[in-house]
Amino acid sequence: FTLIEMMVTMAVAAIIMAVILFENTKFNNSIILTNAAYEVALTARQAQVYGLSSKAVEGGSTQRGYGIYASMDDLINIRLFADVDGGTDFDTSPVSEEIAGGVALGRGLEIKDICFKRSGTLQCDGGDNNSATIVFRRPNPEAEIRDNLGSSNGIDLVQIILGSKNDPSVKRCAVIFKSGQISVKSNENCGT
């Protein structure tokens with residue numbers, strides 16, 4: 001081999017390795033985001049199971065319901081809570097209702113949006129969509145879905161849209177239906 005041939009061969013190998021590393025990082029970020037969306041969905045399912053079974057918490061008291069809480073004010077936490085006071089929202093005072101088992105997003109992930117479907121129309125981007133409280137109460141497997149105003153009027157489902165801080169084009173949604181169904185949607189189906 002001549003020196004020129006060796007340099008061309010090394011340049012081609014370097015380009016191929018760079019492309020592979022870039023695609024691998026992109027793939028890894030997609031897998032991490034998908035796992036986070038499934039973790040949110042599983043936490044909602046856990047709240048549903050706890051709510052149906054009337055799981056007792058510290059002190060032996062049986063709760064009136066269990067739920068999850070997501071807010072645009074706290075972009076990295078989805079909270080799992082026991083509805084201690086029987087209210088309609090997640091409370092932090094006088095006694096915190098939060099219990100272990102929520103989702104703490106990491107690795108550059110955050111809540112991108114919270115969308116509510118009311119009367120067939122999906123509403124995103126602010127307004128009453130800046131937090132969501134989803135509660136499951138015994139004996140009904142259906143969800144009580146409330147916006148940040150505490151209203152549940154006409155809400156058919158809520159989408160908690162997760163995304164990467166580094167790549168806003170990739171997102172996943174955890175979808176909780178009023179009927180109690182919980183699912184995860186991919187990038188192209190979020191916000192629809």
# chains A, B, ... in the order shown; residues from 1 in each chain; ligands from 1
call {"tool": "residues_around", "arguments": {"residues": "Ala47 (chain A)", "least_positions_apart": "2", "cutoff": "8 Å", "atoms": "only C-alpha atoms", "output": "PyMOL selection string"}}
result
chain A and resi 43-45+49-51+66-68+80-81+135-136
call {"tool": "select_by_dssp", "arguments": {"residues": "chain A", "states": "strand (DSSP E or B)", "output": "PyMOL selection string"}}
result
chain A and resi 56+62+66-71+74-82+98-104+109-118+121-123+131-136+143-146+155-164+171-177+182-185
call {"tool": "select_by_dssp", "arguments": {"residues": "region 4-189 of chain A", "states": "helix (DSSP H, G or I)", "output": "ChimeraX atom specification"}}
result
/A:4-53,58-60,127-129,187-189
call {"tool": "residues_around", "arguments": {"residues": "Val184 (chain A)", "least_positions_apart": "3", "cutoff": "10 Å", "atoms": "only C-alpha atoms", "output": "list of chain:residue names"}}
result
A:Thr34, A:Ala37, A:Tyr38, A:Glu39, A:Val40, A:Ala41, A:Leu42, A:Gln159, A:Ile160, A:Ile161, A:Arg172, A:Cys173, A:Ala174, A:Val175, A:Ile176, A:Asn189, A:Cys190
call {"tool": "write_last_selection", "arguments": {"atoms": "C-alpha atoms", "output": "PDB file, in the first residue's frame"}}
result
ATOM      1  CA  THR A  34     -39.845   4.540  24.941  1.00  0.00           C
ATOM      2  CA  ALA A  37     -43.230   6.319  28.430  1.00  0.00           C
ATOM      3  CA  TYR A  38     -43.903   2.697  29.393  1.00  0.00           C
ATOM      4  CA  GLU A  39     -42.790   3.461  32.946  1.00  0.00           C
ATOM      5  CA  VAL A  40     -45.361   6.284  33.149  1.00  0.00           C
ATOM      6  CA  ALA A  41     -48.052   3.944  31.770  1.00  0.00           C
ATOM      7  CA  LEU A  42     -47.096   1.241  34.272  1.00  0.00           C
ATOM      8  CA  GLN A 159     -51.829  12.335  26.937  1.00  0.00           C
ATOM      9  CA  ILE A 160     -48.616  12.913  28.845  1.00  0.00           C
ATOM     10  CA  ILE A 161     -46.088  13.645  26.111  1.00  0.00           C
ATOM     11  CA  ARG A 172     -43.591   9.307  23.118  1.00  0.00           C
ATOM     12  CA  CYS A 173     -46.973   9.567  24.863  1.00  0.00           C
ATOM     13  CA  ALA A 174     -48.512   7.774  27.790  1.00  0.00           C
ATOM     14  CA  VAL A 175     -52.269   7.847  27.185  1.00  0.00           C
ATOM     15  CA  ILE A 176     -54.820   7.304  29.962  1.00  0.00           C
ATOM     16  CA  ASN A 189     -49.298   9.547  16.975  1.00  0.00           C
ATOM     17  CA  CYS A 190     -48.611  11.933  19.871  1.00  0.00           C
TER      18      CYS A 190
END
call {"tool": "closest_residue", "arguments": {"among": "A:Asn140, A:Ser119, A:Glu5, A:Ser131", "to": "Met72 (chain A)", "atoms": "only C-alpha atoms"}}
result
A:Ser131
call {"tool": "residues_around", "arguments": {"residues": "Leu105 (chain A)", "least_positions_apart": "2", "cutoff": "10 Å", "atoms": "only C-alpha atoms", "output": "MDAnalysis selection string"}}
result
chainID A and resid 33 36:37 39:40 75:78 102:103 107:111 162
call {"tool": "write_last_selection", "arguments": {"atoms": "all heavy atoms", "output": "compact mmCIF listing (two decimals), in the first residue's frame"}}
result
# COMPACT_ATOMS: atom_id res chain seq x y z
N LEU A 33 -36.38 6.81 25.74
CA LEU A 33 -37.64 7.55 25.73
C LEU A 33 -38.84 6.60 25.74
O LEU A 33 -39.81 6.81 26.47
CB LEU A 33 -37.69 8.48 24.52
CG LEU A 33 -38.89 9.40 24.40
CD1 LEU A 33 -39.01 10.28 25.63
CD2 LEU A 33 -38.76 10.25 23.15
N ALA A 36 -39.23 5.18 29.20
CA ALA A 36 -39.81 6.16 30.12
C ALA A 36 -41.32 6.26 29.94
O ALA A 36 -42.07 6.35 30.91
CB ALA A 36 -39.15 7.52 29.93
N ALA A 37 -41.79 6.25 28.69
CA ALA A 37 -43.23 6.32 28.43
C ALA A 37 -43.94 5.09 28.99
O ALA A 37 -45.01 5.19 29.58
CB ALA A 37 -43.49 6.46 26.93
N GLU A 39 -42.86 3.34 31.49
CA GLU A 39 -42.79 3.46 32.95
C GLU A 39 -43.92 4.35 33.47
O GLU A 39 -44.54 4.05 34.49
CB GLU A 39 -41.42 4.02 33.35
CG GLU A 39 -41.15 3.91 34.82
CD GLU A 39 -39.73 4.32 35.19
OE1 GLU A 39 -38.87 4.45 34.29
OE2 GLU A 39 -39.49 4.51 36.39
N VAL A 40 -44.23 5.43 32.76
CA VAL A 40 -45.36 6.28 33.15
C VAL A 40 -46.67 5.49 33.04
O VAL A 40 -47.52 5.55 33.94
CB VAL A 40 -45.42 7.56 32.28
CG1 VAL A 40 -46.70 8.35 32.52
CG2 VAL A 40 -44.20 8.44 32.56
N LEU A 75 -41.13 19.31 35.28
CA LEU A 75 -41.03 18.58 34.02
C LEU A 75 -40.40 17.20 34.13
O LEU A 75 -40.39 16.46 33.15
CB LEU A 75 -40.26 19.41 32.99
CG LEU A 75 -40.90 20.74 32.60
CD1 LEU A 75 -40.00 21.50 31.65
CD2 LEU A 75 -42.26 20.52 31.99
N ILE A 76 -39.85 16.85 35.28
CA ILE A 76 -39.13 15.58 35.35
C ILE A 76 -39.75 14.58 36.32
O ILE A 76 -39.19 13.51 36.51
CB ILE A 76 -37.65 15.80 35.70
CG1 ILE A 76 -37.49 16.49 37.05
CG2 ILE A 76 -36.93 16.56 34.60
CD1 ILE A 76 -36.07 16.46 37.58
N ASN A 77 -40.89 14.88 36.95
CA ASN A 77 -41.49 13.95 37.90
C ASN A 77 -42.95 13.69 37.59
O ASN A 77 -43.72 14.61 37.36
CB ASN A 77 -41.38 14.50 39.34
CG ASN A 77 -39.97 14.49 39.84
OD1 ASN A 77 -39.33 13.46 39.88
ND2 ASN A 77 -39.46 15.65 40.21
N ILE A 78 -43.32 12.42 37.61
CA ILE A 78 -44.72 11.99 37.57
C ILE A 78 -44.94 11.37 38.95
O ILE A 78 -44.26 10.42 39.31
CB ILE A 78 -44.98 10.93 36.47
CG1 ILE A 78 -44.37 11.32 35.13
CG2 ILE A 78 -46.46 10.60 36.40
CD1 ILE A 78 -45.05 12.37 34.35
N GLY A 102 -43.40 6.65 42.01
CA GLY A 102 -43.59 7.56 40.88
C GLY A 102 -42.45 7.43 39.89
O GLY A 102 -41.56 6.59 40.02
N VAL A 103 -42.47 8.28 38.88
CA VAL A 103 -41.46 8.24 37.83
C VAL A 103 -40.62 9.51 37.90
O VAL A 103 -41.17 10.62 37.86
CB VAL A 103 -42.10 8.14 36.43
CG1 VAL A 103 -41.04 8.13 35.35
CG2 VAL A 103 -42.99 6.93 36.33
N ARG A 107 -31.77 11.36 32.28
CA ARG A 107 -31.08 11.23 31.00
C ARG A 107 -31.57 12.22 29.95
O ARG A 107 -31.76 11.86 28.79
CB ARG A 107 -31.20 9.81 30.48
CG ARG A 107 -30.56 8.80 31.38
CD ARG A 107 -30.60 7.45 30.75
NE ARG A 107 -29.86 6.50 31.55
CZ ARG A 107 -29.56 5.29 31.14
NH1 ARG A 107 -29.93 4.88 29.96
NH2 ARG A 107 -28.90 4.48 31.91
N GLY A 108 -31.85 13.43 30.37
CA GLY A 108 -32.25 14.46 29.42
C GLY A 108 -33.69 14.37 28.94
O GLY A 108 -34.05 14.98 27.94
N LEU A 109 -34.54 13.63 29.65
CA LEU A 109 -35.95 13.52 29.28
C LEU A 109 -36.79 14.46 30.13
O LEU A 109 -36.43 14.77 31.26
CB LEU A 109 -36.45 12.08 29.48
CG LEU A 109 -35.73 11.00 28.70
CD1 LEU A 109 -36.34 9.64 29.00
CD2 LEU A 109 -35.76 11.28 27.21
N GLU A 110 -37.91 14.89 29.58
CA GLU A 110 -38.83 15.77 30.31
C GLU A 110 -40.24 15.66 29.74
O GLU A 110 -40.43 15.12 28.65
CB GLU A 110 -38.35 17.22 30.27
CG GLU A 110 -38.35 17.82 28.88
CD GLU A 110 -37.81 19.24 28.84
OE1 GLU A 110 -37.33 19.75 29.86
OE2 GLU A 110 -37.85 19.84 27.75
N ILE A 111 -41.20 16.18 30.49
CA ILE A 111 -42.57 16.27 30.00
C ILE A 111 -42.60 17.42 29.00
O ILE A 111 -42.24 18.55 29.32
CB ILE A 111 -43.56 16.55 31.16
CG1 ILE A 111 -43.52 15.41 32.18
CG2 ILE A 111 -44.97 16.72 30.61
CD1 ILE A 111 -44.30 15.70 33.45
N LEU A 162 -43.82 12.87 26.44
CA LEU A 162 -42.44 12.92 26.90
C LEU A 162 -41.53 13.14 25.71
O LEU A 162 -41.82 12.68 24.61
CB LEU A 162 -42.06 11.61 27.60
CG LEU A 162 -42.97 11.14 28.74
CD1 LEU A 162 -42.48 9.80 29.26
CD2 LEU A 162 -43.02 12.16 29.84
call {"tool": "closest_residue", "arguments": {"among": "A:Phe27, A:Arg118, A:Tyr69, A:Lys185", "to": "Glu97 (chain A)", "atoms": "only C-alpha atoms"}}
result
A:Tyr69
call {"tool": "atom_distance", "arguments": {"atom1": "CA of Asp113 (chain A)", "atom2": "CA of Asp73 (chain A)"}}
result
10.9 Å
call {"tool": "closest_residue", "arguments": {"among": "A:Asn187, A:Ser169, A:Gln48, A:Asn130", "to": "Glu142 (chain A)", "atoms": "only C-alpha atoms"}}
result
A:Gln48
